[in-house]
Structure formats: structure tokens, C-alpha cells
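Enquirer: This is the structure I have questions about; it appears just below.
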Amino acid sequence: MAGNTFWILSLTLLVVFGFFAMVNAYHYGQLLYKSYKKKGPSLAPFIGGISGCIGILIMPVGSLSERLTICWIPLFTDVGCMPYLVNMILTILHQKQ
């Protein structure tokens, strides 16, 4: 019973990751073409990457050490997480010059 609960929770979190990754990629594409009017940072982009990371960590497959080696992948594949942070840092550094 507990194994099924972890599967359901894990897959739900991975679906949330997929949804937010697609939405973040869509908004990033709009930013590239300057058609996105929203200004300022938002914490919503991090929801996808963090939920994907947690979804992989609680998945009842393999050992924890095996899952730790791949749990960072959603953080880098979701445009709203690490790429977003790197872009913000580069923008701040560029504005100071």
C-alpha cells in the first residue's frame, strides 16, 4: 500500500513538473520575441523544477543514491529554475556595468 502511495505522489509531482516546464518554456519563448508584457521576477517558475526533483527523490525505484544522481535534472531542464537564475544574475551584473 505504501509503495502505491509513493508512486501516485511521485507521478503527480512529475506531471506538475512537466506542466510548469512547458509553461515556463512558452513564456521564455514569448520573452525572446518580446511579446510577453509581464515585468519582474516570480517564484512560480521554481515550482516545476522543485516538484520534479522531489518527485524523483520519493519514487520507489532503485536506491536513494541512484535517485540522488538524477534528481537535479528537472532543475536544469526547466527553463524557470537554474537557467532563470543564471539569466537573472547575468542581467544584474550587466546592469551594474
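Here's how to read the names in the C-alpha cells: chain A, B, ... by the order shown, residue numbers from 1 in each chain, ligand numbers from 1 in the order shown.
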Using only C-alpha atoms, determine which residues lie at most 10 Å from Ala44 in chain A, disregarding the query and same-chain residues fewer than 5 positions distant; provide the list as a list of chain:residue names.

Expert: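 Within the cut-off, the hits are A:Phe20, A:Asn24, A:Gly80, A:Cys81.
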
Enquirer: Need the shell around Trp72 in chain A: protein/DNA/RNA residues with any atom at most 12 Å away, counting only C-alpha atoms. Skip same-chain ones fewer than 2 positions apart. Format as a list in words?

Expert: Gly49, Ile50, Ser51, Gly52, Cys53, Ile54, Gly55, Ile56, Leu57, Glu66, Arg67, Leu68, Thr69, Ile70, Pro74, Leu75, Phe76, Thr77, Asp78, Cys81 and Met82 of chain A

Enquirer: If we count only C-alpha atoms, what is near range 2-5 of chain A at a cut-off of 10 Å, once residues fewer than 6 positions away on the same chain are taken out, given as a JSON list (two decimals) with N, CA and C atoms, in the first residue's frame?

Expert:
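The resulting file, around_12.json, is reproduced below:
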[["chain", "number", "residue", "atom", "x", "y", "z"],
["A", 11, "LEU", "N", 4.41, 10.42, -9.31],
["A", 11, "LEU", "CA", 3.94, 10.71, -10.66],
["A", 11, "LEU", "C", 3.16, 12.02, -10.73],
["A", 59, "MET", "N", 10.37, 8.59, -5.58],
["A", 59, "MET", "CA", 9.98, 7.48, -6.43],
["A", 59, "MET", "C", 10.53, 6.16, -5.87],
["A", 60, "PRO", "N", 9.68, 5.15, -5.70],
["A", 60, "PRO", "CA", 10.14, 3.89, -5.09],
["A", 60, "PRO", "C", 10.85, 2.97, -6.08],
["A", 61, "VAL", "N", 11.91, 3.47, -6.70],
["A", 61, "VAL", "CA", 12.68, 2.68, -7.66],
["A", 61, "VAL", "C", 14.15, 2.83, -7.32]]

Enquirer: CA of Trp7 in chain A and CA of Tyr26 in chain A, how far apart in Å?

Expert: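 These atoms are spaced 28.4 Å apart.
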
Enquirer: If you run DSSP on the backbone, which residues of chain A are alpha helix (DSSP H), as a PyMOL selection string?

Expert: chain A and resi 2-32+45-57+64-70+73-77+82-96
